[in-house]
2 protein chains.
Amino acid sequence: MENFIYNTPTKVYFGKGTEKEIGKIISNYGYKKIMIQYGQNSVIKSGLLDSVLSCLDEYNIEYVLCGGVEPNPKLTFVRKAVEIAKAENVDFILAIGGGSVLDSSKFTALGAVNDIDVWSFAMGKAVPTSALPVGVVLTMSAAGSEMSNSAVITNLELNMKKGFSSELNRCKFAVCNPELTYTVSKYQTACGVVDIMAHTMERYFTLFPDTDLTDMIAEGVLKSVIKAGKIAIDNPTDYDSRATIMWASSLSHNGLTACGRENFLAVHQLEHALSGEYDSVAHGAGLAVLFPTWAKYVYKKNISRFAKFARNVWGVNEVDDEKAALLGIDKMSEYFISIGMPSKISEFGVSKDSLDRLADLCTFQKTRTIKSYITLGFKEVKEIFESCY
Amino acid sequence: MENFIYNTPTKVYFGKGTEKEIGKIISNYGYKKIMIQYGQNSVIKSGLLDSVLSCLDEYNIEYVLCGGVEPNPKLTFVRKAVEIAKAENVDFILAIGGGSVLDSSKFTALGAVNDIDVWSFAMGKAVPTSALPVGVVLTMSAAGSEMSNSAVITNLELNMKKGFSSELNRCKFAVCNPELTYTVSKYQTACGVVDIMAHTMERYFTLFPDTDLTDMIAEGVLKSVIKAGKIAIDNPTDYDSRATIMWASSLSHNGLTACGRENFLAVHQLEHALSGEYDSVAHGAGLAVLFPTWAKYVYKKNISRFAKFARNVWGVNEVDDEKAALLGIDKMSEYFISIGMPSKISEFGVSKDSLDRLADLCTFQKTRTIKSYITLGFKEVKEIFESCY
């Protein structure tokens, strides 16, 4: 087991009706004037925004509304939000939404207390020393941003989607009521399930020796999400499956499934190029296409690990390791298709001659390689894109 | 899944050599003058105390030494430590040791900033509003106190061992180097393994419906500890098994294995009477005797759950639920014996006519019952003690 630091300071209020505690929760921290970020109209239509505002009024908490965060949140939006946060002198940012709203809030929180453009943080050209505190009322189970130390942002000018990890990105609290995800569409629910699975699998397929405890936790997260995903898609108001997916989203990305080994989120790097370039591609759908393809591309470098995955997660009953490994990858692929996910890049309407450009974006114009069982440079990335076109 | 709050703010520095970071870690928090609690002579003999003091010197951190914490830490010791902490005006308490030293430190931290005797907190007669921050360099894997919100203390005048849970009891940080547990004896290692398993099983056997995700995490913790326990007892310097046990000790008691259901730690209540009355009884050894006995006493109230436990944790291959449930309990019992644990109260040298008194202590002189599959009053507690005498 490799050395690790485990840091999950986010306090999670999980369950029915928890969003009605939001005024009390924020008041207990002592925040007085907050910014509220949200996405499009759904939190208005559902009445959630009004309900939150009433709770804040009850505790005399002032707020500045900052709606309109788009999926794959944009740098331009964050820059404006930073200006507002500074001008209004807010002391806290509340995200109401899913990963996009939360990541936008996290970047805004970094920008609000640093006189440096946040893109410099994403590009690793500057390191933030502080951030406003952030909390979330979660309405979608997918990104795991509610407990993670990461945030992702898209720079449309450069067609670049970049992740940024820092302990400053950990939320103070997350209010997680699975009922708030009842209205998430089947497609978006499936995208979330894939994202959660991908967060777990990226940490499972590492270059480090097996660690029984972490492996079994990861396998438990995967098995329970695979089962709950099917149920929630068939019956969107099934509380227990929605709850399982929501809690798994937090555990998949808070560090628990990585304890004792490093990880590189290689498939996420491939996908960020895709949804960074094609804004209509949902992150989870991109991962559903790329994960099995990546797995088939690299599995020979650690056949026993892929065989273990096949047997322990998918119940593959095959003594030969290589056959088991391949059966496990097939099962993963079949599952993604069974919940309505695409299996080819072409399904996104991407033309074949774009693959060069995607590989170029993914490798930052051939200036980086991605760690994985096989180190992925331009050539390898392009081969992966081609084999799932 | 029931509503829950998940709060694990303790930052864990896990792995080889992490104790050498202690000066830097404490300095980063800004603490200037700390109290150090430790047990008997082992941390002196091993050189660990000296090594920690050097690290503190390097960062100009003042310290007050407060050694001599006994197993089943005593109220009398804590009262003296509280006086010292107040007189010396320390701003932080560092525990170097296992659960006993840590629990003593936690109670001291509560007493140091409240003008109320800490026994009032344990008895629920007063509620603390603040506590000094506490951190730990862990030298034993067992109690899970390094991430838990609980602490246990023994009042020798009343022959009473009492637990106290509060979010104020959460450590700021835990430094966990598995190598520091290499010198823990086979017997104490086994006691730790039982304690970790018991923390997990107490949360597994609840009155609430199954929650797949939490169940699978708990089963993973149990299976990995069962395997690692055997290896560490046979080969005390096997790093990976020591690491698995150490990390499992934290996860077993930080709340993770209870998410989505309440728990009552019933067997812990039974055991606290035993080791509260007989100071020579190690907590884990008491649990090893009592857990299978309790399980046989109550299993009929939830046969399917005990059957699930048997199949998923112990690999019992039996289609009949009741037979499977009993086989699982037998496997648990056999495992405890195989790692050198007792299976009868009589092995502790307790006389049979003490059982009345033990049941009396456990029920606080017949003034309380304990929640469990069967509510345990004086009669039931005595029957359990009798059936494992």
# chains A, B, ... in the order shown; residues from 1 in each chain; ligands from 1
>>> residues_around(residues="Ala143 of chain B", least_positions_apart="2", cutoff="8 Å", atoms="only C-alpha atoms", output="list in words")
Gly98, Gly99, Ser141, Ser145, Glu146, Gly192, Asp195, Ile196, Ser249 and His253 of chain B
>>> closest_atom_pairs(of="chain B", to="chain A", cutoff="10 Å", atoms="only C-alpha atoms", output="JSON lines")
{"residue": "B:Met1", "atom": "CA", "partner": "A:Asp240", "partner_atom": "CA", "distance": 5.9}
{"residue": "B:Glu2", "atom": "CA", "partner": "A:Gly15", "partner_atom": "CA", "distance": 6.9}
{"residue": "B:Asn3", "atom": "CA", "partner": "A:Gly15", "partner_atom": "CA", "distance": 4.3}
{"residue": "B:Phe4", "atom": "CA", "partner": "A:Phe14", "partner_atom": "CA", "distance": 5.3}
{"residue": "B:Ile5", "atom": "CA", "partner": "A:Tyr13", "partner_atom": "CA", "distance": 4.7}
{"residue": "B:Tyr6", "atom": "CA", "partner": "A:Val12", "partner_atom": "CA", "distance": 4.9}
{"residue": "B:Asn7", "atom": "CA", "partner": "A:Lys11", "partner_atom": "CA", "distance": 4.8}
{"residue": "B:Thr8", "atom": "CA", "partner": "A:Pro9", "partner_atom": "CA", "distance": 6.1}
{"residue": "B:Pro9", "atom": "CA", "partner": "A:Pro9", "partner_atom": "CA", "distance": 4.2}
{"residue": "B:Thr10", "atom": "CA", "partner": "A:Asn7", "partner_atom": "CA", "distance": 7.0}
{"residue": "B:Lys11", "atom": "CA", "partner": "A:Asn7", "partner_atom": "CA", "distance": 4.8}
{"residue": "B:Val12", "atom": "CA", "partner": "A:Tyr6", "partner_atom": "CA", "distance": 4.9}
{"residue": "B:Tyr13", "atom": "CA", "partner": "A:Ile5", "partner_atom": "CA", "distance": 4.7}
{"residue": "B:Phe14", "atom": "CA", "partner": "A:Phe4", "partner_atom": "CA", "distance": 5.3}
{"residue": "B:Gly15", "atom": "CA", "partner": "A:Asn3", "partner_atom": "CA", "distance": 4.3}
{"residue": "B:Lys16", "atom": "CA", "partner": "A:Asn3", "partner_atom": "CA", "distance": 6.6}
{"residue": "B:Gly17", "atom": "CA", "partner": "A:Asn3", "partner_atom": "CA", "distance": 9.1}
{"residue": "B:Thr18", "atom": "CA", "partner": "A:Asn3", "partner_atom": "CA", "distance": 8.5}
{"residue": "B:Phe173", "atom": "CA", "partner": "A:Asn7", "partner_atom": "CA", "distance": 9.3}
{"residue": "B:Ala174", "atom": "CA", "partner": "A:Tyr6", "partner_atom": "CA", "distance": 9.8}
{"residue": "B:Val175", "atom": "CA", "partner": "A:Ile5", "partner_atom": "CA", "distance": 9.5}
{"residue": "B:Cys176", "atom": "CA", "partner": "A:Asn3", "partner_atom": "CA", "distance": 9.7}
{"residue": "B:Asn177", "atom": "CA", "partner": "A:Asn3", "partner_atom": "CA", "distance": 8.9}
{"residue": "B:Thr211", "atom": "CA", "partner": "A:Thr244", "partner_atom": "CA", "distance": 8.0}
{"residue": "B:Asp212", "atom": "CA", "partner": "A:Ser224", "partner_atom": "CA", "distance": 6.0}
{"residue": "B:Leu213", "atom": "CA", "partner": "A:Ser224", "partner_atom": "CA", "distance": 5.5}
{"residue": "B:Thr214", "atom": "CA", "partner": "A:Gly220", "partner_atom": "CA", "distance": 8.3}
{"residue": "B:Asp215", "atom": "CA", "partner": "A:Gly220", "partner_atom": "CA", "distance": 8.3}
{"residue": "B:Met216", "atom": "CA", "partner": "A:Gly220", "partner_atom": "CA", "distance": 4.9}
{"residue": "B:Ile217", "atom": "CA", "partner": "A:Ile217", "partner_atom": "CA", "distance": 5.0}
{"residue": "B:Ala218", "atom": "CA", "partner": "A:Ile217", "partner_atom": "CA", "distance": 8.3}
{"residue": "B:Glu219", "atom": "CA", "partner": "A:Met216", "partner_atom": "CA", "distance": 8.3}
{"residue": "B:Gly220", "atom": "CA", "partner": "A:Met216", "partner_atom": "CA", "distance": 4.9}
{"residue": "B:Val221", "atom": "CA", "partner": "A:Leu213", "partner_atom": "CA", "distance": 6.1}
{"residue": "B:Leu222", "atom": "CA", "partner": "A:Leu213", "partner_atom": "CA", "distance": 8.9}
{"residue": "B:Lys223", "atom": "CA", "partner": "A:Leu213", "partner_atom": "CA", "distance": 8.2}
{"residue": "B:Ser224", "atom": "CA", "partner": "A:Leu213", "partner_atom": "CA", "distance": 5.5}
{"residue": "B:Val225", "atom": "CA", "partner": "A:Leu213", "partner_atom": "CA", "distance": 8.0}
{"residue": "B:Lys227", "atom": "CA", "partner": "A:Asp212", "partner_atom": "CA", "distance": 9.3}
{"residue": "B:Ala228", "atom": "CA", "partner": "A:Asp212", "partner_atom": "CA", "distance": 9.2}
{"residue": "B:Tyr239", "atom": "CA", "partner": "A:Met1", "partner_atom": "CA", "distance": 8.1}
{"residue": "B:Asp240", "atom": "CA", "partner": "A:Met1", "partner_atom": "CA", "distance": 5.9}
{"residue": "B:Ser241", "atom": "CA", "partner": "A:Met1", "partner_atom": "CA", "distance": 9.1}
{"residue": "B:Arg242", "atom": "CA", "partner": "A:Met1", "partner_atom": "CA", "distance": 9.9}
{"residue": "B:Ala243", "atom": "CA", "partner": "A:Met1", "partner_atom": "CA", "distance": 7.0}
{"residue": "B:Thr244", "atom": "CA", "partner": "A:Leu213", "partner_atom": "CA", "distance": 6.5}
{"residue": "B:Ile245", "atom": "CA", "partner": "A:Leu213", "partner_atom": "CA", "distance": 9.1}
{"residue": "B:Trp247", "atom": "CA", "partner": "A:Leu213", "partner_atom": "CA", "distance": 8.4}
{"residue": "B:Ala248", "atom": "CA", "partner": "A:Leu213", "partner_atom": "CA", "distance": 7.6}
{"residue": "B:Leu251", "atom": "CA", "partner": "A:Leu256", "partner_atom": "CA", "distance": 9.8}
{"residue": "B:Leu256", "atom": "CA", "partner": "A:Leu251", "partner_atom": "CA", "distance": 9.8}
{"residue": "B:Cys259", "atom": "CA", "partner": "A:Phe14", "partner_atom": "CA", "distance": 9.1}
{"residue": "B:Gly260", "atom": "CA", "partner": "A:Phe14", "partner_atom": "CA", "distance": 8.5}
>>> residues_around(residues="Ile374 of chain A", least_positions_apart="3", cutoff="9 Å", atoms="only C-alpha atoms", output="PDB file with C-alpha atoms, in the first residue's frame")
ATOM      1  CA  TYR A 297      -6.259  -0.926 -25.779  1.00  0.00           C
ATOM      2  CA  VAL A 298      -4.307  -1.426 -22.538  1.00  0.00           C
ATOM      3  CA  LYS A 301      -0.413  -4.750 -19.625  1.00  0.00           C
ATOM      4  CA  ILE A 370      -0.922  10.723 -20.413  1.00  0.00           C
ATOM      5  CA  LYS A 371       0.087   8.129 -17.824  1.00  0.00           C
ATOM      6  CA  GLU A 380      -1.921   6.251 -29.035  1.00  0.00           C
TER       7      GLU A 380
END
>>> residues_around(residues="segment 102-108 of chain B", least_positions_apart="4", cutoff="6 Å", atoms="only C-alpha atoms", output="PyMOL selection string")
chain B and resi 73+78+82+95+112+151-152
>>> residues_around(residues="Ile337 of chain B", least_positions_apart="4", cutoff="12 Å", atoms="only C-alpha atoms", output="list in words")
Tyr187, Ala190, Cys191, Val194, Lys230, Ala285, Ala288, Val289, Pro292, Asp330, Lys331, Met332, Ser333, Met341, Pro342, Ser343 and Lys344 of chain B
>>> select_by_dssp(residues="segment 225-298 of chain A", states="alpha helix (DSSP H)", output="short mmCIF file (atom, residue, chain, number, x, y, z; two decimals) with C-alpha atoms, in the first residue's frame")
data_model
loop_
_atom_site.label_atom_id
_atom_site.label_comp_id
_atom_site.auth_asym_id
_atom_site.auth_seq_id
_atom_site.Cartn_x
_atom_site.Cartn_y
_atom_site.Cartn_z
CA VAL A 225 -24.22 1.58 -8.81
CA ILE A 226 -24.57 -0.92 -11.66
CA LYS A 227 -27.63 -2.39 -9.96
CA ALA A 228 -29.12 0.93 -8.81
CA GLY A 229 -28.52 2.53 -12.22
CA LYS A 230 -30.78 0.02 -13.95
CA ILE A 231 -33.51 0.47 -11.33
CA ALA A 232 -33.42 4.28 -11.35
CA ILE A 233 -33.60 4.42 -15.14
CA ASP A 234 -36.62 2.11 -15.16
CA TYR A 239 -35.75 6.40 -3.60
CA ASP A 240 -33.23 3.76 -2.62
CA SER A 241 -31.63 3.47 -6.03
CA ARG A 242 -31.47 7.26 -6.40
CA ALA A 243 -29.90 7.39 -2.92
CA THR A 244 -27.36 4.69 -3.76
CA ILE A 245 -26.31 6.52 -6.92
CA MET A 246 -26.09 9.85 -5.09
CA TRP A 247 -23.97 8.52 -2.23
CA ALA A 248 -21.81 6.53 -4.64
CA SER A 249 -21.16 9.70 -6.63
CA SER A 250 -19.58 11.26 -3.53
CA LEU A 251 -17.59 8.19 -2.52
CA SER A 252 -16.35 7.54 -6.06
CA HIS A 253 -14.51 10.84 -6.25
CA ALA A 266 -6.45 8.79 -18.14
CA VAL A 267 -9.87 8.16 -19.68
CA HIS A 268 -11.08 11.48 -18.28
CA GLN A 269 -8.24 13.18 -20.17
CA LEU A 270 -9.37 11.55 -23.40
CA GLU A 271 -12.98 12.52 -22.76
CA HIS A 272 -12.19 16.12 -21.88
CA ALA A 273 -10.81 16.58 -25.37
CA LEU A 274 -14.05 15.23 -26.84
CA SER A 275 -16.58 17.21 -24.80
CA GLY A 276 -14.23 20.22 -24.73
CA GLU A 277 -14.36 20.32 -28.54
CA HIS A 283 -19.24 13.91 -20.24
CA GLY A 284 -20.74 10.59 -19.12
CA ALA A 285 -21.69 9.64 -22.68
CA GLY A 286 -18.15 10.38 -23.81
CA LEU A 287 -16.78 8.20 -21.03
CA ALA A 288 -19.17 5.37 -21.96
CA VAL A 289 -17.64 5.29 -25.43
CA LEU A 290 -14.05 5.73 -24.37
CA PHE A 291 -13.71 3.55 -21.26
CA PRO A 292 -14.23 0.13 -22.88
CA THR A 293 -12.09 1.24 -25.84
CA TRP A 294 -9.25 2.35 -23.58
CA ALA A 295 -9.59 -0.88 -21.59
CA LYS A 296 -9.23 -3.04 -24.69
CA TYR A 297 -6.26 -0.93 -25.78
CA VAL A 298 -4.31 -1.43 -22.54
#
>>> atom_distance(atom1="atom CA of Ile34 of chain A", atom2="atom CA of Leu156 of chain A")
27.8 Å
>>> select_by_dssp(residues="segment 32-267 of chain A", states="strand (DSSP E or B)", output="PyMOL selection string")
chain A and resi 33-38+62-66+74+92-97+134-138+150-155+160-165+173-176
>>> closest_atom_pairs(of="segment 119-197 of chain B", to="segment 86-94 of chain B", cutoff="7 Å", atoms="only C-alpha atoms", output="Markdown table")
| residue | atom | partner | partner_atom | distance |
| --- | --- | --- | --- | --- |
| B:Leu132 | CA | B:Phe92 | CA | 5.8 |
| B:Pro133 | CA | B:Phe92 | CA | 5.2 |
| B:Val134 | CA | B:Ile93 | CA | 4.8 |
| B:Gly135 | CA | B:Leu94 | CA | 5.0 |
| B:Val136 | CA | B:Leu94 | CA | 5.4 |
>>> closest_residue(among="A:Val118, A:Glu334, A:Ile96, A:Val101", to="Thr76 of chain A", atoms="only C-alpha atoms")
A:Val118
>>> residues_around(residues="Ala310 of chain A", least_positions_apart="6", cutoff="8 Å", atoms="only C-alpha atoms", output="number ranges by chain")
A: 316, 324-325, 327-329
>>> atom_distance(atom1="atom CA of Glu202 of chain B", atom2="atom CA of Ser338 of chain B")
21.3 Å
>>> closest_residue(among="A:Leu361, A:Leu355, A:Ala142, A:Leu180", to="Asp238 of chain A", atoms="only C-alpha atoms")
A:Leu180
>>> closest_atom_pairs(of="segment 178-263 of chain A", to="segment 42-64 of chain A", cutoff="12 Å", atoms="only C-alpha atoms", output="tab-separated table")
residue	atom	partner	partner_atom	distance
A:Glu179	CA	A:Leu48	CA	11.5
A:Leu180	CA	A:Leu48	CA	8.6
A:Thr181	CA	A:Ser46	CA	11.2
A:Tyr182	CA	A:Ser46	CA	11.1
A:Thr183	CA	A:Ser46	CA	9.1
A:Val184	CA	A:Ser42	CA	10.0
>>> decode(residues="segment 342-355 of chain A", atoms="C-alpha atoms", output="PDB file, in the first residue's frame")
ATOM      1  CA  PRO A 342     -23.602   5.385 -27.150  1.00  0.00           C
ATOM      2  CA  SER A 343     -20.723   3.083 -28.047  1.00  0.00           C
ATOM      3  CA  LYS A 344     -19.137   5.003 -30.934  1.00  0.00           C
ATOM      4  CA  ILE A 345     -17.790   8.524 -31.313  1.00  0.00           C
ATOM      5  CA  SER A 346     -19.603   8.728 -34.659  1.00  0.00           C
ATOM      6  CA  GLU A 347     -22.910   8.684 -32.752  1.00  0.00           C
ATOM      7  CA  PHE A 348     -22.075  12.197 -31.537  1.00  0.00           C
ATOM      8  CA  GLY A 349     -22.025  13.456 -35.121  1.00  0.00           C
ATOM      9  CA  VAL A 350     -18.252  13.916 -35.049  1.00  0.00           C
ATOM     10  CA  SER A 351     -16.639  13.601 -38.471  1.00  0.00           C
ATOM     11  CA  LYS A 352     -13.826  11.097 -38.866  1.00  0.00           C
ATOM     12  CA  ASP A 353     -11.369  13.732 -40.003  1.00  0.00           C
ATOM     13  CA  SER A 354     -11.774  15.493 -36.654  1.00  0.00           C
ATOM     14  CA  LEU A 355      -9.938  12.736 -34.836  1.00  0.00           C
TER      15      LEU A 355
END
